[in-house]
>>> print(open('run_1.csv').read())   # CSV, C-alpha atoms (C1' of nucleotides)
chain,number,residue,atom,x,y,z
A,1,MET,CA,-10.6,29.7,0.7
A,2,MET,CA,-8.8,33.0,0.2
A,3,ASP,CA,-6.0,33.2,-2.4
A,4,SER,CA,-3.6,34.6,0.1
A,5,SER,CA,-3.7,31.4,2.2
A,6,LYS,CA,-2.8,29.3,-0.8
A,7,THR,CA,0.2,31.6,-1.4
A,8,ALA,CA,1.0,31.4,2.3
A,9,ARG,CA,1.0,27.6,2.2
A,10,LEU,CA,3.2,27.6,-0.8
A,11,GLU,CA,5.6,30.0,0.9
A,12,GLN,CA,5.8,27.7,3.9
A,13,MET,CA,6.8,24.8,1.7
A,14,VAL,CA,9.4,26.9,-0.1
A,15,VAL,CA,10.9,28.0,3.2
A,16,ALA,CA,10.9,24.5,4.5
A,17,LEU,CA,12.9,23.3,1.5
A,18,ARG,CA,15.4,26.2,1.8
A,19,LYS,CA,15.9,25.4,5.5
A,20,THR,CA,16.8,21.9,4.7
A,21,SER,CA,19.3,22.9,2.0
A,22,HIS,CA,17.2,21.9,-1.0
A,23,ARG,CA,17.2,23.9,-4.2
A,24,ILE,CA,14.2,25.6,-5.6
A,25,THR,CA,13.9,24.5,-9.3
A,26,PRO,CA,11.1,25.4,-11.6
A,27,GLN,CA,9.9,21.8,-11.6
A,28,ARG,CA,9.9,21.6,-7.8
A,29,LEU,CA,8.1,24.9,-7.5
A,30,ALA,CA,5.4,23.7,-9.9
A,31,VAL,CA,4.9,20.5,-7.8
A,32,LEU,CA,4.7,22.6,-4.7
A,33,GLU,CA,2.1,24.9,-6.2
A,34,ILE,CA,-0.2,22.0,-7.1
A,35,LEU,CA,0.1,20.4,-3.7
A,36,ALA,CA,-0.5,23.8,-2.0
A,37,GLU,CA,-3.5,24.7,-4.0
A,38,SER,CA,-5.3,21.4,-4.6
A,39,HIS,CA,-7.8,20.0,-2.2
A,40,ALA,CA,-8.4,16.8,-4.2
A,41,HIS,CA,-5.5,14.9,-2.6
A,42,PRO,CA,-3.8,14.3,-6.0
A,43,SER,CA,-1.8,11.3,-6.9
A,44,VAL,CA,1.8,11.5,-8.3
A,45,GLU,CA,0.3,10.6,-11.7
A,46,LYS,CA,-2.2,13.5,-11.5
A,47,ILE,CA,0.5,15.9,-10.5
A,48,TYR,CA,2.6,14.7,-13.4
A,49,GLN,CA,-0.3,15.1,-15.9
A,50,GLN,CA,-0.9,18.7,-14.8
A,51,LEU,CA,2.7,19.5,-15.2
A,52,ARG,CA,3.3,18.1,-18.7
A,53,ASP,CA,1.8,21.2,-20.3
A,54,ARG,CA,4.2,23.6,-18.7
A,55,PHE,CA,7.2,21.1,-18.7
A,56,PRO,CA,6.9,18.8,-21.7
A,57,THR,CA,10.2,17.0,-21.0
A,58,MET,CA,9.5,16.5,-17.3
A,59,SER,CA,10.0,13.1,-15.9
A,60,ILE,CA,7.6,11.5,-13.4
A,61,ALA,CA,10.7,10.5,-11.4
A,62,THR,CA,11.1,14.1,-10.6
A,63,VAL,CA,7.6,14.3,-9.1
A,64,TYR,CA,8.4,11.2,-7.1
A,65,LYS,CA,11.6,12.7,-5.8
A,66,THR,CA,10.0,16.0,-4.9
A,67,VAL,CA,7.2,14.3,-3.1
A,68,SER,CA,9.7,12.1,-1.2
A,69,ILE,CA,11.6,15.2,0.0
A,70,LEU,CA,8.3,16.8,1.1
A,71,LYS,CA,7.4,13.7,3.1
A,72,GLU,CA,10.8,13.7,4.8
A,73,ILE,CA,10.5,17.4,5.9
A,74,LYS,CA,6.8,16.8,6.8
A,75,GLN,CA,5.3,19.2,4.3
A,76,VAL,CA,3.0,16.7,2.7
A,77,LEU,CA,0.9,13.9,4.1
A,78,GLU,CA,1.0,10.7,2.3
A,79,LEU,CA,-2.2,8.7,2.0
A,80,GLY,CA,-0.7,5.3,1.0
A,81,PHE,CA,-2.9,2.5,-0.4
A,82,PRO,CA,-1.8,-1.1,-0.9
A,83,ASP,CA,-2.9,-1.1,-4.5
A,84,GLY,CA,-0.4,1.7,-5.3
A,85,SER,CA,-2.9,4.5,-5.8
A,86,ASN,CA,-1.2,6.8,-3.3
A,87,ARG,CA,-2.5,10.3,-2.7
A,88,TYR,CA,-1.0,13.4,-1.2
A,89,ASP,CA,-2.3,16.2,0.9
A,90,GLY,CA,-0.1,19.4,0.9
A,91,ASN,CA,-2.6,21.5,2.7
A,92,LYS,CA,-2.8,19.7,6.0
A,93,PRO,CA,0.5,17.7,6.3
A,94,PHE,CA,-0.5,16.2,9.7
A,95,PRO,CA,-2.7,13.2,10.6
A,96,HIS,CA,-6.4,13.9,10.1
A,97,PRO,CA,-9.4,11.8,9.1
A,98,HIS,CA,-10.4,11.2,5.5
A,99,VAL,CA,-13.6,10.0,3.7
A,100,ILE,CA,-12.9,8.0,0.6
A,101,CYS,CA,-15.4,7.0,-2.1
A,102,THR,CA,-14.6,3.4,-3.1
A,103,LYS,CA,-16.1,4.0,-6.6
A,104,CYS,CA,-14.8,7.3,-7.9
A,105,ARG,CA,-11.9,7.6,-5.5
A,106,THR,CA,-12.9,11.1,-4.3
A,107,ILE,CA,-11.3,12.0,-1.0
A,108,PHE,CA,-12.8,14.6,1.5
A,109,ASP,CA,-11.7,15.9,4.8
A,110,PRO,CA,-14.6,15.7,7.3
A,111,GLU,CA,-14.6,18.0,10.3
A,112,LEU,CA,-14.2,15.8,13.3
A,113,ASP,CA,-12.9,16.2,16.8
A,114,THR,CA,-9.4,15.2,17.2
A,115,LEU,CA,-8.5,11.8,18.4
A,116,VAL,CA,-6.4,12.9,21.4
A,117,ASP,CA,-8.6,11.0,23.9
A,118,LEU,CA,-8.4,7.8,21.9
A,119,THR,CA,-4.7,8.2,21.4
A,120,LEU,CA,-4.1,8.6,25.1
A,121,GLU,CA,-6.3,5.6,25.8
A,122,VAL,CA,-4.3,3.5,23.4
A,123,ALA,CA,-1.0,4.6,24.9
A,124,ARG,CA,-2.2,3.8,28.4
A,125,GLN,CA,-3.5,0.4,27.4
A,126,THR,CA,-0.6,-0.8,25.3
A,127,GLY,CA,2.5,1.1,26.6
A,128,PHE,CA,3.2,2.5,23.2
A,129,SER,CA,4.4,6.0,22.6
A,130,ILE,CA,2.0,7.0,19.8
A,131,THR,CA,3.4,9.4,17.3
A,132,ALA,CA,0.9,9.3,14.4
A,133,HIS,CA,-2.4,7.8,13.3
A,134,ARG,CA,-4.4,7.2,10.3
A,135,LEU,CA,-8.2,7.2,10.1
A,136,ASP,CA,-10.1,6.5,6.8
A,137,PHE,CA,-13.8,6.1,6.3
A,138,PHE,CA,-14.8,4.2,3.1
A,139,GLY,CA,-18.1,4.2,1.3
A,140,LEU,CA,-20.0,5.8,-1.6
A,141,CYS,CA,-20.2,9.5,-2.1
A,142,GLY,CA,-23.6,11.1,-2.8
A,143,ASN,CA,-23.0,11.2,-6.5
A,144,CYS,CA,-22.0,7.6,-6.8
A,145,GLN,CA,-25.0,6.5,-4.7
A,146,GLU,CA,-27.3,8.3,-7.0
A,147,PHE,CA,-25.8,7.0,-10.3
A,148,HIS,CA,-24.7,3.6,-9.4
A,149,HIS,CA,-24.0,1.8,-12.7
A,150,ASP,CA,-22.8,-1.8,-13.1
A,151,GLY,CA,-19.2,-2.8,-13.1
B,1,MET,CA,-8.0,-17.7,24.9
B,2,MET,CA,-9.6,-21.2,25.0
B,3,ASP,CA,-8.5,-23.8,22.4
B,4,SER,CA,-12.2,-24.4,21.5
B,5,SER,CA,-12.5,-20.9,20.2
B,6,LYS,CA,-9.6,-21.3,17.9
B,7,THR,CA,-11.2,-24.5,16.5
B,8,ALA,CA,-14.5,-22.7,16.3
B,9,ARG,CA,-13.0,-19.9,14.2
B,10,LEU,CA,-11.3,-22.4,11.9
B,11,GLU,CA,-14.6,-24.2,11.5
B,12,GLN,CA,-16.3,-20.9,10.6
B,13,MET,CA,-13.8,-20.3,7.8
B,14,VAL,CA,-14.1,-23.8,6.5
B,15,VAL,CA,-17.9,-23.5,6.4
B,16,ALA,CA,-17.6,-20.1,4.6
B,17,LEU,CA,-15.4,-21.7,2.0
B,18,ARG,CA,-17.8,-24.6,1.5
B,19,LYS,CA,-20.8,-22.3,1.2
B,20,THR,CA,-19.0,-20.4,-1.6
B,21,SER,CA,-18.2,-23.6,-3.5
B,22,HIS,CA,-14.5,-23.6,-2.7
B,23,ARG,CA,-12.6,-26.8,-2.2
B,24,ILE,CA,-10.9,-27.7,1.0
B,25,THR,CA,-7.3,-28.7,0.2
B,26,PRO,CA,-4.6,-29.6,2.7
B,27,GLN,CA,-2.8,-26.4,1.7
B,28,ARG,CA,-5.8,-24.2,2.2
B,29,LEU,CA,-6.7,-25.8,5.5
B,30,ALA,CA,-3.1,-25.1,6.7
B,31,VAL,CA,-3.4,-21.4,5.7
B,32,LEU,CA,-6.8,-21.2,7.5
B,33,GLU,CA,-5.3,-22.8,10.6
B,34,ILE,CA,-2.5,-20.2,10.8
B,35,LEU,CA,-4.9,-17.3,10.3
B,36,ALA,CA,-7.4,-18.7,12.8
B,37,GLU,CA,-4.9,-19.2,15.5
B,38,SER,CA,-2.3,-16.4,15.2
B,39,HIS,CA,-2.9,-13.1,16.8
B,40,ALA,CA,0.3,-11.6,15.3
B,41,HIS,CA,-1.4,-10.4,12.1
B,42,PRO,CA,0.9,-12.4,9.9
B,43,SER,CA,2.1,-11.4,6.4
B,44,VAL,CA,1.7,-13.7,3.4
B,45,GLU,CA,5.5,-14.3,3.6
B,46,LYS,CA,5.2,-15.3,7.3
B,47,ILE,CA,2.3,-17.7,6.5
B,48,TYR,CA,4.4,-19.2,3.7
B,49,GLN,CA,7.4,-19.7,5.9
B,50,GLN,CA,5.4,-21.5,8.5
B,51,LEU,CA,4.0,-23.8,5.9
B,52,ARG,CA,7.2,-24.8,4.2
B,53,ASP,CA,8.0,-27.4,6.8
B,54,ARG,CA,4.7,-29.3,6.3
B,55,PHE,CA,4.5,-28.6,2.5
B,56,PRO,CA,8.0,-28.4,1.1
B,57,THR,CA,6.8,-27.9,-2.5
B,58,MET,CA,4.2,-25.3,-1.7
B,59,SER,CA,4.1,-22.2,-3.7
B,60,ILE,CA,3.7,-18.7,-2.2
B,61,ALA,CA,1.2,-18.1,-5.0
B,62,THR,CA,-1.1,-20.6,-3.3
B,63,VAL,CA,-1.0,-18.6,-0.1
B,64,TYR,CA,-1.8,-15.4,-2.1
B,65,LYS,CA,-4.7,-17.1,-3.8
B,66,THR,CA,-6.1,-18.5,-0.6
B,67,VAL,CA,-5.9,-15.2,1.2
B,68,SER,CA,-7.5,-13.5,-1.8
B,69,ILE,CA,-10.5,-15.8,-1.6
B,70,LEU,CA,-10.8,-15.2,2.2
B,71,LYS,CA,-10.8,-11.5,1.5
B,72,GLU,CA,-13.6,-11.9,-1.0
B,73,ILE,CA,-15.8,-13.9,1.4
B,74,LYS,CA,-14.9,-11.6,4.3
B,75,GLN,CA,-13.2,-14.2,6.4
B,76,VAL,CA,-10.0,-12.2,6.8
B,77,LEU,CA,-9.2,-8.5,7.3
B,78,GLU,CA,-6.4,-7.2,5.1
B,79,LEU,CA,-4.2,-4.5,6.7
B,80,GLY,CA,-2.6,-3.1,3.6
B,81,PHE,CA,0.4,-0.9,3.7
B,82,PRO,CA,1.8,1.1,0.8
B,83,ASP,CA,5.3,-0.5,1.1
B,84,GLY,CA,3.9,-3.9,0.4
B,85,SER,CA,4.2,-5.3,3.9
B,86,ASN,CA,0.5,-6.3,4.1
B,87,ARG,CA,-0.7,-8.1,7.1
B,88,TYR,CA,-3.8,-10.3,7.8
B,89,ASP,CA,-6.2,-10.8,10.6
B,90,GLY,CA,-8.2,-14.0,10.6
B,91,ASN,CA,-9.6,-13.6,14.1
B,92,LYS,CA,-11.5,-10.4,13.7
B,93,PRO,CA,-12.3,-10.1,10.0
B,94,PHE,CA,-14.1,-6.7,10.4
B,95,PRO,CA,-12.9,-3.1,10.8
B,96,HIS,CA,-11.2,-2.5,14.2
B,97,PRO,CA,-8.4,-0.3,15.4
B,98,HIS,CA,-4.7,-1.4,15.4
B,99,VAL,CA,-1.6,-0.2,17.2
B,100,ILE,CA,1.5,-0.6,15.1
B,101,CYS,CA,5.2,-0.4,16.2
B,102,THR,CA,7.0,1.4,13.4
B,103,LYS,CA,10.3,-0.2,14.5
B,104,CYS,CA,9.6,-3.9,15.0
B,105,ARG,CA,6.3,-4.0,13.1
B,106,THR,CA,4.4,-5.6,16.0
B,107,ILE,CA,0.6,-5.1,15.7
B,108,PHE,CA,-1.8,-5.1,18.6
B,109,ASP,CA,-5.5,-4.8,18.9
B,110,PRO,CA,-6.4,-2.2,21.5
B,111,GLU,CA,-9.7,-2.4,23.3
B,112,LEU,CA,-11.6,0.7,22.2
B,113,ASP,CA,-15.1,1.8,21.9
B,114,THR,CA,-16.5,1.4,18.4
B,115,LEU,CA,-16.5,4.3,16.0
B,116,VAL,CA,-20.3,4.3,15.3
B,117,ASP,CA,-20.7,7.8,16.5
B,118,LEU,CA,-17.9,9.1,14.4
B,119,THR,CA,-19.1,7.1,11.4
B,120,LEU,CA,-22.6,8.6,11.7
B,121,GLU,CA,-21.2,12.1,12.0
B,122,VAL,CA,-19.1,11.6,8.9
B,123,ALA,CA,-22.1,10.2,6.9
B,124,ARG,CA,-24.2,13.2,8.1
B,125,GLN,CA,-21.6,15.8,7.1
B,126,THR,CA,-20.6,14.4,3.8
B,127,GLY,CA,-23.6,12.5,2.4
B,128,PHE,CA,-21.5,9.3,2.1
B,129,SER,CA,-22.9,5.9,2.9
B,130,ILE,CA,-20.0,4.6,5.0
B,131,THR,CA,-19.4,0.9,4.7
B,132,ALA,CA,-16.0,0.4,6.3
B,133,HIS,CA,-13.2,2.2,8.1
B,134,ARG,CA,-9.5,1.9,9.0
B,135,LEU,CA,-7.9,3.2,12.2
B,136,ASP,CA,-4.2,2.7,12.8
B,137,PHE,CA,-2.1,4.2,15.6
B,138,PHE,CA,1.6,4.3,15.0
B,139,GLY,CA,4.4,4.6,17.5
B,140,LEU,CA,7.0,2.6,19.4
B,141,CYS,CA,6.1,-0.4,21.5
B,142,GLY,CA,7.3,-0.7,25.1
B,143,ASN,CA,10.2,-3.0,24.1
B,144,CYS,CA,11.4,-0.7,21.3
B,145,GLN,CA,11.3,2.3,23.5
B,146,GLU,CA,13.5,0.6,26.1
B,147,PHE,CA,16.1,-0.8,23.7
B,148,HIS,CA,16.3,1.8,21.0
B,149,HIS,CA,19.4,1.0,19.0
B,150,ASP,CA,20.7,2.9,16.0
B,151,GLY,CA,19.7,2.2,12.4
C,1,DT,C1',32.8,26.4,-9.7
C,2,DT,C1',30.7,23.1,-6.9
C,3,DT,C1',27.0,20.6,-5.6
C,4,DT,C1',22.6,19.2,-6.5
C,5,DC,C1',18.8,18.2,-9.7
C,6,DT,C1',16.7,16.4,-13.9
C,7,DG,C1',15.4,13.0,-17.1
C,8,DC,C1',15.9,8.6,-19.0
C,9,DA,C1',16.1,3.8,-18.4
C,10,DA,C1',16.8,-0.1,-15.7
C,11,DA,C1',16.0,-2.3,-11.4
C,12,DT,C1',13.0,-3.5,-7.4
C,13,DG,C1',9.7,-6.1,-4.9
C,14,DC,C1',5.1,-7.5,-3.8
C,15,DT,C1',1.3,-9.4,-6.1
C,16,DT,C1',-1.2,-11.3,-10.1
C,17,DT,C1',-1.7,-14.2,-14.0
C,18,DG,C1',-1.2,-18.2,-17.5
C,19,DC,C1',-0.9,-22.7,-18.0
C,20,DA,C1',0.1,-27.7,-17.6
C,21,DT,C1',-0.2,-31.1,-14.1
C,22,DG,C1',-2.4,-32.9,-10.0
C,23,DG,C1',-6.1,-33.8,-6.9
C,24,DG,C1',-10.9,-32.9,-4.4
C,25,DA,C1',-15.8,-34.4,-4.4
D,1,DT,C1',-15.1,-38.2,-14.2
D,2,DC,C1',-15.3,-33.2,-14.0
D,3,DC,C1',-13.7,-29.0,-12.5
D,4,DC,C1',-11.0,-26.7,-9.6
D,5,DA,C1',-6.5,-26.1,-7.2
D,6,DT,C1',-1.5,-26.3,-7.2
D,7,DG,C1',3.0,-24.9,-8.5
D,8,DC,C1',6.1,-22.8,-11.4
D,9,DA,C1',7.5,-19.0,-14.1
D,10,DA,C1',6.5,-14.9,-16.4
D,11,DA,C1',4.1,-10.6,-16.3
D,12,DG,C1',2.3,-6.3,-14.0
D,13,DC,C1',2.9,-2.0,-12.0
D,14,DA,C1',3.9,1.8,-8.8
D,15,DT,C1',8.0,3.3,-7.1
D,16,DT,C1',13.1,3.6,-6.6
D,17,DT,C1',17.7,3.9,-8.2
D,18,DG,C1',22.0,4.8,-11.2
D,19,DC,C1',24.0,7.8,-14.0
D,20,DA,C1',25.4,11.5,-17.4
D,21,DG,C1',24.3,16.0,-18.6
D,22,DA,C1',22.2,20.4,-17.0
D,23,DA,C1',21.3,23.9,-13.8
D,24,DA,C1',20.9,26.2,-9.0
D,25,DA,C1',23.6,29.0,-5.7
>>> encode(input="run_1.csv", output="structure tokens")
Amino acid sequence: MMDSSKTARLEQMVVALRKTSHRITPQRLAVLEILAESHAHPSVEKIYQQLRDRFPTMSIATVYKTVSILKEIKQVLELGFPDGSNRYDGNKPFPHPHVICTKCRTIFDPELDTLVDLTLEVARQTGFSITAHRLDFFGLCGNCQEFHHDG
Amino acid sequence: MMDSSKTARLEQMVVALRKTSHRITPQRLAVLEILAESHAHPSVEKIYQQLRDRFPTMSIATVYKTVSILKEIKQVLELGFPDGSNRYDGNKPFPHPHVICTKCRTIFDPELDTLVDLTLEVARQTGFSITAHRLDFFGLCGNCQEFHHDG
DNA sequence: TTTTCTGCAAATGCTTTGCATGGGA
DNA sequence: TCCCATGCAAAGCATTTGCAGAAAA
């Protein structure tokens, strides 16, 4: 991916914050940078760890608050998990499928056709007005298949 | 649905417990009955509430423990949500799509073609060995569209 | 200068765990 | 009888909240 697109994505997020009357602080900008550049779907904890070098006094609560705002203004997609290992996608903040390794917790974005047909079929069948969806595939990634240790 | 199929499903769960050396207690049997008969995808709290009449001294921890065992032996499907409002499906304890009302939290099972094609495509693209998936559609049910109050 | 944000700590809420008593098989 | 299950309370843990001082605009 070109560097300009990362910058472009960051700029989109900054503009979205400004439009909703949120201030741009150094801490927030740093969170935005990580979310705009990373394709690893980082957790709040991961974001926090990456920021501790630049902001030694930073609180993890600030990361939580920033991510919460980004969710509200739809600039980040939350991949929530019941065990509390939530992950965040700042590159594509709209519903799309994910492939998740149940061992090493790596998350990829597969290239699949959209689910518009399925969504329409569900709406027709159930009378729901569908506004979002979530599609996750679970399994072992190539690396974890190859080196499958015990435990 | 015929009554016999409910009984049949209950019997399957009992057999599965016995095969894995788990004891059949009145409390466990009651949890199994609710999971086998309900199509509402009940939460642990809901199961607990329905059991308090018959078992006044019952602990919610017992419901958690029973559901946990059923998960292990694949006799219940857990629909986990990051806000802790987990729901359980004892009728179809295998991956299948769900339609979820974001207002009243009703959950339906739409009749959709299986995702075998998509699963194979994901495996081909990513090199994963896919073992499970999760597909949720979110929106407003017919009733909540009609009577959409504030708050 | 005003309003919002940060950082710390306490609170929250679902779920899990430890342990003594009770009950299946 | 021998283990396992129950019920109670305490612990766990990611996330949220309250608040006083700091900083954006």
>>> closest_atom_pairs(input="run_1.csv", of="chain D", to="chain A", cutoff="9 Å", atoms="only C-alpha atoms (C1' of nucleotides)", output="Markdown table")
| residue | atom | partner | partner_atom | distance |
| --- | --- | --- | --- | --- |
| D:DC13 | C1' | A:Gly84 | CA | 8.3 |
| D:DA14 | C1' | A:Gly84 | CA | 5.5 |
| D:DT15 | C1' | A:Tyr64 | CA | 7.9 |
| D:DT16 | C1' | A:Ala61 | CA | 8.7 |
| D:DA23 | C1' | A:Thr25 | CA | 8.7 |
| D:DA24 | C1' | A:Arg23 | CA | 6.5 |
| D:DA25 | C1' | A:Arg23 | CA | 8.3 |
>>> residues_around(input="run_1.csv", residues="Lys74 of chain B", least_positions_apart="2", cutoff="10 Å", atoms="only C-alpha atoms (C1' of nucleotides)", output="list in words")
Met13, Ala16, Ser68, Ile69, Leu70, Lys71, Glu72, Val76, Leu77, Glu78, Gly90, Pro93 and Phe94 of chain B
>>> closest_atom_pairs(input="run_1.csv", of="chain C", to="chain B", cutoff="9 Å", atoms="only C-alpha atoms (C1' of nucleotides)", output="CSV")
residue,atom,partner,partner_atom,distance
C:DG13,C1',B:Gly84,CA,8.2
C:DC14,C1',B:Gly84,CA,5.7
C:DT15,C1',B:Tyr64,CA,7.8
C:DT16,C1',B:Ala61,CA,8.8
C:DG23,C1',B:Thr25,CA,8.8
C:DG24,C1',B:Arg23,CA,6.7
C:DA25,C1',B:Arg23,CA,8.5
>>> closest_atom_pairs(input="run_1.csv", of="chain A", to="chain B", cutoff="10 Å", atoms="only C-alpha atoms", output="Markdown table")
| residue | atom | partner | partner_atom | distance |
| --- | --- | --- | --- | --- |
| A:Glu78 | CA | B:Pro82 | CA | 9.7 |
| A:Leu79 | CA | B:Pro82 | CA | 8.7 |
| A:Gly80 | CA | B:Pro82 | CA | 4.9 |
| A:Phe81 | CA | B:Pro82 | CA | 5.0 |
| A:Pro82 | CA | B:Pro82 | CA | 4.5 |
| A:Asp83 | CA | B:Pro82 | CA | 7.4 |
| A:Gly84 | CA | B:Pro82 | CA | 6.5 |
| A:Ser85 | CA | B:Pro82 | CA | 8.8 |
| A:Asn86 | CA | B:Pro82 | CA | 7.6 |
| A:Pro97 | CA | B:Leu135 | CA | 9.3 |
| A:His98 | CA | B:Val122 | CA | 9.3 |
| A:Val99 | CA | B:Val122 | CA | 7.7 |
| A:Ile100 | CA | B:Phe128 | CA | 8.8 |
| A:Cys101 | CA | B:Phe128 | CA | 7.8 |
| A:Thr102 | CA | B:Thr131 | CA | 9.5 |
| A:Phe108 | CA | B:Thr126 | CA | 8.1 |
| A:Asp109 | CA | B:Thr126 | CA | 9.1 |
| A:Pro110 | CA | B:Val122 | CA | 6.3 |
| A:Glu111 | CA | B:Val122 | CA | 7.9 |
| A:Leu112 | CA | B:Leu118 | CA | 7.7 |
| A:Asp113 | CA | B:Leu118 | CA | 9.0 |
| A:Leu118 | CA | B:Leu112 | CA | 7.8 |
| A:Thr119 | CA | B:Phe137 | CA | 7.5 |
| A:Glu121 | CA | B:Leu112 | CA | 8.1 |
| A:Val122 | CA | B:Pro110 | CA | 6.4 |
| A:Ala123 | CA | B:Val99 | CA | 9.1 |
| A:Gln125 | CA | B:Pro110 | CA | 7.1 |
| A:Thr126 | CA | B:Pro110 | CA | 7.1 |
| A:Gly127 | CA | B:Gly142 | CA | 5.3 |
| A:Phe128 | CA | B:Cys141 | CA | 4.4 |
| A:Ser129 | CA | B:Gly139 | CA | 5.3 |
| A:Ile130 | CA | B:Gly139 | CA | 4.1 |
| A:Thr131 | CA | B:Gly139 | CA | 4.9 |
| A:Ala132 | CA | B:Phe138 | CA | 5.1 |
| A:His133 | CA | B:Phe137 | CA | 4.3 |
| A:Arg134 | CA | B:Asp136 | CA | 5.2 |
| A:Leu135 | CA | B:Leu135 | CA | 4.5 |
| A:Asp136 | CA | B:Arg134 | CA | 5.1 |
| A:Phe137 | CA | B:His133 | CA | 4.3 |
| A:Phe138 | CA | B:Ala132 | CA | 5.1 |
| A:Gly139 | CA | B:Ile130 | CA | 4.2 |
| A:Leu140 | CA | B:Phe128 | CA | 5.3 |
| A:Cys141 | CA | B:Phe128 | CA | 4.4 |
| A:Gly142 | CA | B:Gly127 | CA | 5.4 |
| A:Asn143 | CA | B:Phe128 | CA | 8.9 |
| A:Cys144 | CA | B:Phe128 | CA | 9.1 |
| A:Gln145 | CA | B:Ser129 | CA | 7.9 |
>>> atom_distance(input="run_1.csv", atom1="atom C1' of DC19 of chain C", atom2="atom C1' of DC4 of chain D")
13.7 Å
>>> atom_distance(input="run_1.csv", atom1="atom C1' of DG7 of chain C", atom2="atom CA of Asp89 of chain A")
25.4 Å
>>> residues_near_point(input="run_1.csv", point="(-14.6, -19.4, 7.9)", cutoff="7 Å", atoms="all atoms listed in the file", output="VMD selection string")
chain B and resid 9 to 17 75
>>> atom_distance(input="run_1.csv", atom1="atom C1' of DA5 of chain D", atom2="atom CA of Lys92 of chain B")
26.6 Å
>>> residues_around(input="run_1.csv", residues="DG7 of chain D", least_positions_apart="6", cutoff="8 Å", atoms="all atoms listed in the file", output="PyMOL selection string")
chain B and resi 57-59+61-62
>>> decode(input="run_1.csv", residues="segment 6-17 of chain D", atoms="N, CA and C atoms (P, O5', C5', C4', C3', O3' and C1' of nucleotides)", output="CSV table (one decimal), in the first residue's frame")
chain,number,residue,atom,x,y,z
D,6,DT,P,-24.8,-29.3,39.3
D,6,DT,O5',-25.0,-28.7,40.8
D,6,DT,C5',-25.8,-29.3,41.7
D,6,DT,C4',-25.9,-28.5,43.0
D,6,DT,C3',-26.2,-27.1,42.8
D,6,DT,O3',-27.2,-26.7,43.7
D,6,DT,C1',-24.2,-27.4,44.1
D,7,DG,P,-28.1,-25.3,43.5
D,7,DG,O5',-27.3,-24.4,44.6
D,7,DG,C5',-27.3,-24.8,45.9
D,7,DG,C4',-26.5,-23.8,46.7
D,7,DG,C3',-26.6,-22.3,46.4
D,7,DG,O3',-26.6,-21.6,47.7
D,7,DG,C1',-24.4,-22.9,46.2
D,8,DC,P,-27.4,-20.2,47.8
D,8,DC,O5',-26.3,-19.3,48.4
D,8,DC,C5',-25.5,-19.7,49.6
D,8,DC,C4',-24.1,-19.2,49.5
D,8,DC,C3',-24.0,-17.8,49.1
D,8,DC,O3',-23.7,-17.0,50.3
D,8,DC,C1',-22.3,-19.2,48.2
D,9,DA,P,-23.6,-15.4,50.2
D,9,DA,O5',-22.0,-15.1,50.1
D,9,DA,C5',-21.1,-16.0,50.8
D,9,DA,C4',-19.7,-15.8,50.3
D,9,DA,C3',-19.4,-14.4,50.1
D,9,DA,O3',-18.1,-14.1,50.5
D,9,DA,C1',-19.0,-15.6,48.1
D,10,DA,P,-17.5,-12.6,50.5
D,10,DA,O5',-16.1,-12.7,49.7
D,10,DA,C5',-15.4,-13.9,49.9
D,10,DA,C4',-14.4,-14.1,48.8
D,10,DA,C3',-13.7,-12.8,48.3
D,10,DA,O3',-12.3,-13.1,48.1
D,10,DA,C1',-14.8,-13.8,46.5
D,11,DA,P,-11.3,-11.9,47.6
D,11,DA,O5',-10.9,-12.4,46.1
D,11,DA,C5',-10.7,-13.7,45.9
D,11,DA,C4',-10.6,-14.0,44.4
D,11,DA,C3',-9.7,-12.9,43.7
D,11,DA,O3',-8.9,-13.6,42.8
D,11,DA,C1',-11.9,-13.1,42.7
D,12,DG,P,-7.7,-12.8,42.0
D,12,DG,O5',-8.1,-13.0,40.5
D,12,DG,C5',-9.4,-13.3,40.1
D,12,DG,C4',-9.5,-13.4,38.6
D,12,DG,C3',-8.6,-12.4,37.9
D,12,DG,O3',-8.3,-12.9,36.6
D,12,DG,C1',-10.9,-11.8,37.7
D,13,DC,P,-7.1,-12.3,35.7
D,13,DC,O5',-7.8,-11.3,34.7
D,13,DC,C5',-9.0,-11.8,34.0
D,13,DC,C4',-9.7,-10.7,33.3
D,13,DC,C3',-8.7,-9.5,33.0
D,13,DC,O3',-9.0,-9.1,31.6
D,13,DC,C1',-10.7,-8.8,34.0
D,14,DA,P,-7.8,-8.3,30.8
D,14,DA,O5',-8.8,-7.5,29.8
D,14,DA,C5',-9.6,-8.1,28.9
D,14,DA,C4',-10.9,-7.3,28.7
D,14,DA,C3',-10.6,-5.9,28.1
D,14,DA,O3',-11.6,-5.7,27.1
D,14,DA,C1',-11.7,-5.7,30.2
D,15,DT,P,-11.6,-4.4,26.2
D,15,DT,O5',-12.5,-3.4,27.0
D,15,DT,C5',-13.9,-3.7,27.2
D,15,DT,C4',-14.5,-2.7,28.2
D,15,DT,C3',-14.5,-1.3,27.8
D,15,DT,O3',-15.8,-0.8,27.5
D,15,DT,C1',-14.0,-1.6,30.1
D,16,DT,P,-16.0,0.7,27.1
D,16,DT,O5',-16.5,1.3,28.5
D,16,DT,C5',-17.5,0.6,29.3
D,16,DT,C4',-17.8,1.4,30.6
D,16,DT,C3',-18.0,2.9,30.3
D,16,DT,O3',-19.2,3.3,31.0
D,16,DT,C1',-16.4,2.6,32.0
D,17,DT,P,-19.8,4.8,30.9
D,17,DT,O5',-19.3,5.4,32.3
D,17,DT,C5',-19.5,4.7,33.5
D,17,DT,C4',-18.9,5.4,34.7
D,17,DT,C3',-19.1,7.0,34.6
D,17,DT,O3',-19.5,7.4,35.9
D,17,DT,C1',-16.8,6.4,35.0
